[in-house]
Amino acid sequence: MADTCGQVLLGSGLTVLSHPLMYIKVLVQVGHEPLPPTLGRNMFGRQVYQLPGLFAYAKHIIKTDGKSGLFKGLTPRLCAGTIGTIVHSKVLQVVGSGQKAEDGSLQHVVNETTKEMIARSCATIVTHPFHVITLRCMVQFIGREAKYSGVFDSIVTIYREEGILGFFAGIIPRLLGDALSLWICNMLAHFINTYAIDDSTSHTGEIKNCSQAVTGFFASMLTYPFVLVSNLMAVNNCGLAGGLPPYAAIYPNWLHCWGHLSREGNMSRGNSLFFRKLPAGKMYAIEQKRFF
């Protein structure tokens, strides 16, 4: 119980600190670009037009809503984090007493990954309604709406307009992305630690931890389209400007959303908040000209 409380407190602190970053990322994912591109240099030193990055976007939000505006949607996100940590811990306790395998073996990795996938999936399902509310509170910035003003009021609004299914908009790609990311990360780390790292070398433990971090980053990059599609479906056609044309088409399901983004070449939109290239299909005014 003490461990769970510690995890909740630590997670809540990290959530507060990272919330402005997530807020800006969600607005970029939806396609909200209130600032014109500027002439800069890419990572290779070549001059290109780029969209403003994280800090310029944050300054725009502060100018519009003040510093507190960077924390829209924080309350439901804290609720999701707290409940998710508790559910994750409880499920791990239930499924933890299963078949034992030798530490470091492939079977051990498969067993532990399966348990972790079950725990994460349960936590995601239970907390997804709060995730939906969080995203919609953020996207209100685009149309300056106040439709989702609090956790309880938002619950009533979603249930009245969309029913129970409204609370689980975008959950399928989210579950798929989480599961794929977990399996890719753990299996790659296992094969690297087993076949590419010599246990007789010094600092073996640090090297294995580093490989786990690297494979986790690689897995998150590979499965990012699932995150993007899930977030877009959570706000799609919910009555907010950010979920309606011209920011988004009306998608009947997440596969149509995936196909539309893929055709436009926008599957990585919002993945980086630095060195941001102009997204496909958007037009911006640059020095009284139109830039495609």
# chains A, B, ... in the order shown; residues from 1 in each chain; ligands from 1

$ residues_around --residues "A:Cys257" --least-positions-apart "6" --cutoff "9 Å" --atoms "only C-alpha atoms" --output "VMD selection string"
chain A and resid 229 232 to 233 249 to 251

$ write_last_selection --atoms "C-alpha atoms" --output "tab-separated table (two decimals), in the first residue's frame"
chain	number	residue	atom	x	y	z
A	229	VAL	CA	-5.24	8.30	-34.07
A	232	LEU	CA	-7.99	12.41	-32.72
A	233	MET	CA	-10.85	9.93	-32.34
A	249	ALA	CA	-12.90	15.20	-41.12
A	250	ILE	CA	-15.75	13.29	-39.53
A	251	TYR	CA	-14.43	9.75	-39.18

$ residues_around --residues "stretch 263-269 of chain A" --least-positions-apart "4" --cutoff "10 Å" --atoms "only C-alpha atoms" --output "list in words"
Lys25, Val26, Val28, Gln29, Val30, Gly31, Met221, Leu222, Tyr224, Pro225, Phe226, Val227, Leu228, Val229, Trp258, Gly259, Leu273, Arg276, Lys277, Leu278, Pro279, Ala280 and Gly281 of chain A

$ closest_residue --among "A:Ile61, A:Met117, A:Ile133, A:Val95" --to "A:Val156" --atoms "only C-alpha atoms"
A:Ile133

$ select_by_dssp --residues "stretch 179-224 of chain A" --states "helix (DSSP H, G or I)" --output "PyMOL selection string"
chain A and resi 179-195+204-222+224

$ write_last_selection --atoms "C-alpha atoms" --output "tab-separated table (two decimals), in the first residue's frame"
chain	number	residue	atom	x	y	z
A	179	ALA	CA	0.42	-3.46	-26.22
A	180	LEU	CA	2.62	-3.26	-29.33
A	181	SER	CA	4.95	-0.76	-27.71
A	182	LEU	CA	5.36	-2.94	-24.61
A	183	TRP	CA	6.08	-6.12	-26.57
A	184	ILE	CA	8.49	-4.44	-29.00
A	185	CYS	CA	10.38	-2.78	-26.15
A	186	ASN	CA	10.71	-5.86	-23.96
A	187	MET	CA	11.52	-8.33	-26.72
A	188	LEU	CA	14.12	-6.08	-28.35
A	189	ALA	CA	15.72	-5.38	-24.98
A	190	HIS	CA	15.82	-9.12	-24.21
A	191	PHE	CA	17.53	-10.03	-27.48
A	192	ILE	CA	20.02	-7.15	-27.17
A	193	ASN	CA	20.85	-8.02	-23.56
A	194	THR	CA	21.15	-11.73	-24.38
A	195	TYR	CA	23.05	-11.72	-27.65
A	204	THR	CA	26.74	-4.67	-17.44
A	205	GLY	CA	23.72	-3.58	-15.39
A	206	GLU	CA	23.97	0.03	-16.53
A	207	ILE	CA	24.34	-1.05	-20.16
A	208	LYS	CA	21.23	-3.25	-19.93
A	209	ASN	CA	19.23	-0.41	-18.37
A	210	CYS	CA	20.39	1.84	-21.18
A	211	SER	CA	19.32	-0.70	-23.79
A	212	GLN	CA	15.89	-0.89	-22.15
A	213	ALA	CA	15.54	2.89	-22.39
A	214	VAL	CA	16.67	2.96	-26.02
A	215	THR	CA	14.31	0.18	-27.07
A	216	GLY	CA	11.49	1.92	-25.18
A	217	PHE	CA	12.12	5.12	-27.13
A	218	PHE	CA	12.27	3.19	-30.41
A	219	ALA	CA	9.02	1.37	-29.60
A	220	SER	CA	7.23	4.61	-28.73
A	221	MET	CA	8.34	6.18	-32.02
A	222	LEU	CA	7.21	3.12	-33.96
A	224	TYR	CA	3.18	6.80	-32.29

$ select_by_dssp --residues "stretch 36-138 of chain A" --states "strand (DSSP E or B)" --output "PyMOL selection string"
chain A and resi 38-41+47-51

$ atom_distance --atom1 "atom CA of A:Pro76" --atom2 "atom CA of A:Ala56"
26.0 Å

$ closest_residue --among "A:Ala169, A:Ile164, A:Leu92, A:Leu255" --to "A:Cys238" --atoms "only C-alpha atoms"
A:Ala169

$ closest_residue --among "A:Gly239, A:Lys100, A:Val110, A:His131" --to "A:Glu161" --atoms "only C-alpha atoms"
A:Gly239

$ residues_around --residues "A:Leu74" --least-positions-apart "6" --cutoff "8 Å" --atoms "only C-alpha atoms" --output "ChimeraX atom specification"
/A:16,19,134

$ residues_around --residues "A:Gly40" --least-positions-apart "2" --cutoff "8 Å" --atoms "only C-alpha atoms" --output "list in words"
Thr38, Asn42, Gln47, Val48, Tyr49 and Gln50 of chain A

$ write_last_selection --atoms "N, CA, C and O atoms" --output "CSV table (one decimal), in the first residue's frame"
chain,number,residue,atom,x,y,z
A,38,THR,N,8.3,30.3,-39.6
A,38,THR,CA,9.4,31.2,-39.7
A,38,THR,C,10.6,30.5,-40.4
A,38,THR,O,10.7,29.3,-40.5
A,42,ASN,N,17.3,23.5,-40.4
A,42,ASN,CA,17.0,22.2,-40.0
A,42,ASN,C,18.3,21.6,-39.3
A,42,ASN,O,19.3,22.3,-39.2
A,47,GLN,N,18.5,26.0,-44.7
A,47,GLN,CA,17.4,27.0,-44.4
A,47,GLN,C,16.1,26.4,-44.9
A,47,GLN,O,16.0,26.1,-46.1
A,48,VAL,N,15.1,26.3,-44.0
A,48,VAL,CA,13.8,25.9,-44.4
A,48,VAL,C,12.8,26.6,-43.6
A,48,VAL,O,13.1,27.2,-42.5
A,49,TYR,N,11.5,26.6,-44.0
A,49,TYR,CA,10.4,27.2,-43.2
A,49,TYR,C,10.0,26.1,-42.2
A,49,TYR,O,9.7,25.0,-42.6
A,50,GLN,N,9.9,26.6,-41.0
A,50,GLN,CA,9.5,25.7,-39.9
A,50,GLN,C,8.3,26.3,-39.1
A,50,GLN,O,8.3,27.5,-39.0

$ residues_around --residues "A:Thr82" --least-positions-apart "4" --cutoff "7 Å" --atoms "only C-alpha atoms" --output "ChimeraX atom specification"
/A:8,78,86

$ atom_distance --atom1 "atom CA of A:Leu70" --atom2 "atom CA of A:Ala248"
23.1 Å

$ residues_around --residues "A:Gly170" --least-positions-apart "4" --cutoff "9 Å" --atoms "only C-alpha atoms" --output "PDB file with N, CA, C and O atoms, in the first residue's frame"
ATOM      1  N   HIS A 128      -9.847   5.485 -19.218  1.00  0.00           N
ATOM      2  CA  HIS A 128     -10.011   6.144 -20.522  1.00  0.00           C
ATOM      3  C   HIS A 128     -11.058   7.256 -20.512  1.00  0.00           C
ATOM      4  O   HIS A 128     -10.856   8.285 -21.181  1.00  0.00           O
ATOM      5  N   VAL A 132     -10.399  10.961 -22.132  1.00  0.00           N
ATOM      6  CA  VAL A 132     -11.243  11.634 -23.122  1.00  0.00           C
ATOM      7  C   VAL A 132     -11.590  13.044 -22.646  1.00  0.00           C
ATOM      8  O   VAL A 132     -11.510  14.020 -23.411  1.00  0.00           O
ATOM      9  N   ARG A 174      -5.582   3.020 -28.869  1.00  0.00           N
ATOM     10  CA  ARG A 174      -4.756   3.251 -27.677  1.00  0.00           C
ATOM     11  C   ARG A 174      -4.310   1.930 -27.059  1.00  0.00           C
ATOM     12  O   ARG A 174      -3.143   1.757 -26.702  1.00  0.00           O
ATOM     13  N   VAL A 229      -3.890   8.664 -33.641  1.00  0.00           N
ATOM     14  CA  VAL A 229      -5.241   8.298 -34.072  1.00  0.00           C
ATOM     15  C   VAL A 229      -6.181   8.213 -32.868  1.00  0.00           C
ATOM     16  O   VAL A 229      -7.329   8.665 -32.931  1.00  0.00           O
ATOM     17  N   SER A 230      -5.712   7.647 -31.765  1.00  0.00           N
ATOM     18  CA  SER A 230      -6.543   7.543 -30.563  1.00  0.00           C
ATOM     19  C   SER A 230      -6.972   8.920 -30.066  1.00  0.00           C
ATOM     20  O   SER A 230      -8.150   9.146 -29.756  1.00  0.00           O
ATOM     21  N   ASN A 231      -6.030   9.863 -29.997  1.00  0.00           N
ATOM     22  CA  ASN A 231      -6.355  11.203 -29.513  1.00  0.00           C
ATOM     23  C   ASN A 231      -7.305  11.931 -30.449  1.00  0.00           C
ATOM     24  O   ASN A 231      -8.212  12.644 -30.004  1.00  0.00           O
ATOM     25  N   LEU A 232      -7.099  11.754 -31.758  1.00  0.00           N
ATOM     26  CA  LEU A 232      -7.989  12.410 -32.716  1.00  0.00           C
ATOM     27  C   LEU A 232      -9.407  11.838 -32.630  1.00  0.00           C
ATOM     28  O   LEU A 232     -10.390  12.584 -32.709  1.00  0.00           O
ATOM     29  N   MET A 233      -9.521  10.534 -32.444  1.00  0.00           N
ATOM     30  CA  MET A 233     -10.847   9.925 -32.344  1.00  0.00           C
ATOM     31  C   MET A 233     -11.544  10.318 -31.045  1.00  0.00           C
ATOM     32  O   MET A 233     -12.780  10.380 -30.979  1.00  0.00           O
ATOM     33  N   ALA A 234     -10.787  10.601 -29.995  1.00  0.00           N
ATOM     34  CA  ALA A 234     -11.372  10.988 -28.707  1.00  0.00           C
ATOM     35  C   ALA A 234     -12.077  12.339 -28.789  1.00  0.00           C
ATOM     36  O   ALA A 234     -13.011  12.604 -28.014  1.00  0.00           O
ATOM     37  N   VAL A 235     -11.633  13.195 -29.715  1.00  0.00           N
ATOM     38  CA  VAL A 235     -12.247  14.528 -29.828  1.00  0.00           C
ATOM     39  C   VAL A 235     -13.041  14.685 -31.124  1.00  0.00           C
ATOM     40  O   VAL A 235     -13.659  15.734 -31.337  1.00  0.00           O
ATOM     41  N   ASN A 253     -14.887   5.626 -37.991  1.00  0.00           N
ATOM     42  CA  ASN A 253     -14.144   4.774 -37.051  1.00  0.00           C
ATOM     43  C   ASN A 253     -12.661   5.095 -37.171  1.00  0.00           C
ATOM     44  O   ASN A 253     -12.239   5.859 -38.043  1.00  0.00           O
ATOM     45  N   TRP A 254     -11.865   4.481 -36.304  1.00  0.00           N
ATOM     46  CA  TRP A 254     -10.442   4.835 -36.238  1.00  0.00           C
ATOM     47  C   TRP A 254      -9.655   4.381 -37.466  1.00  0.00           C
ATOM     48  O   TRP A 254      -8.635   4.982 -37.809  1.00  0.00           O
TER      49      TRP A 254
END

$ closest_residue --among "A:Leu54, A:Leu176, A:Ala196, A:Met138" --to "A:Thr223" --atoms "only C-alpha atoms"
A:Leu176

$ atom_distance --atom1 "atom CA of A:Gly163" --atom2 "atom CA of A:Ile125"
16.2 Å
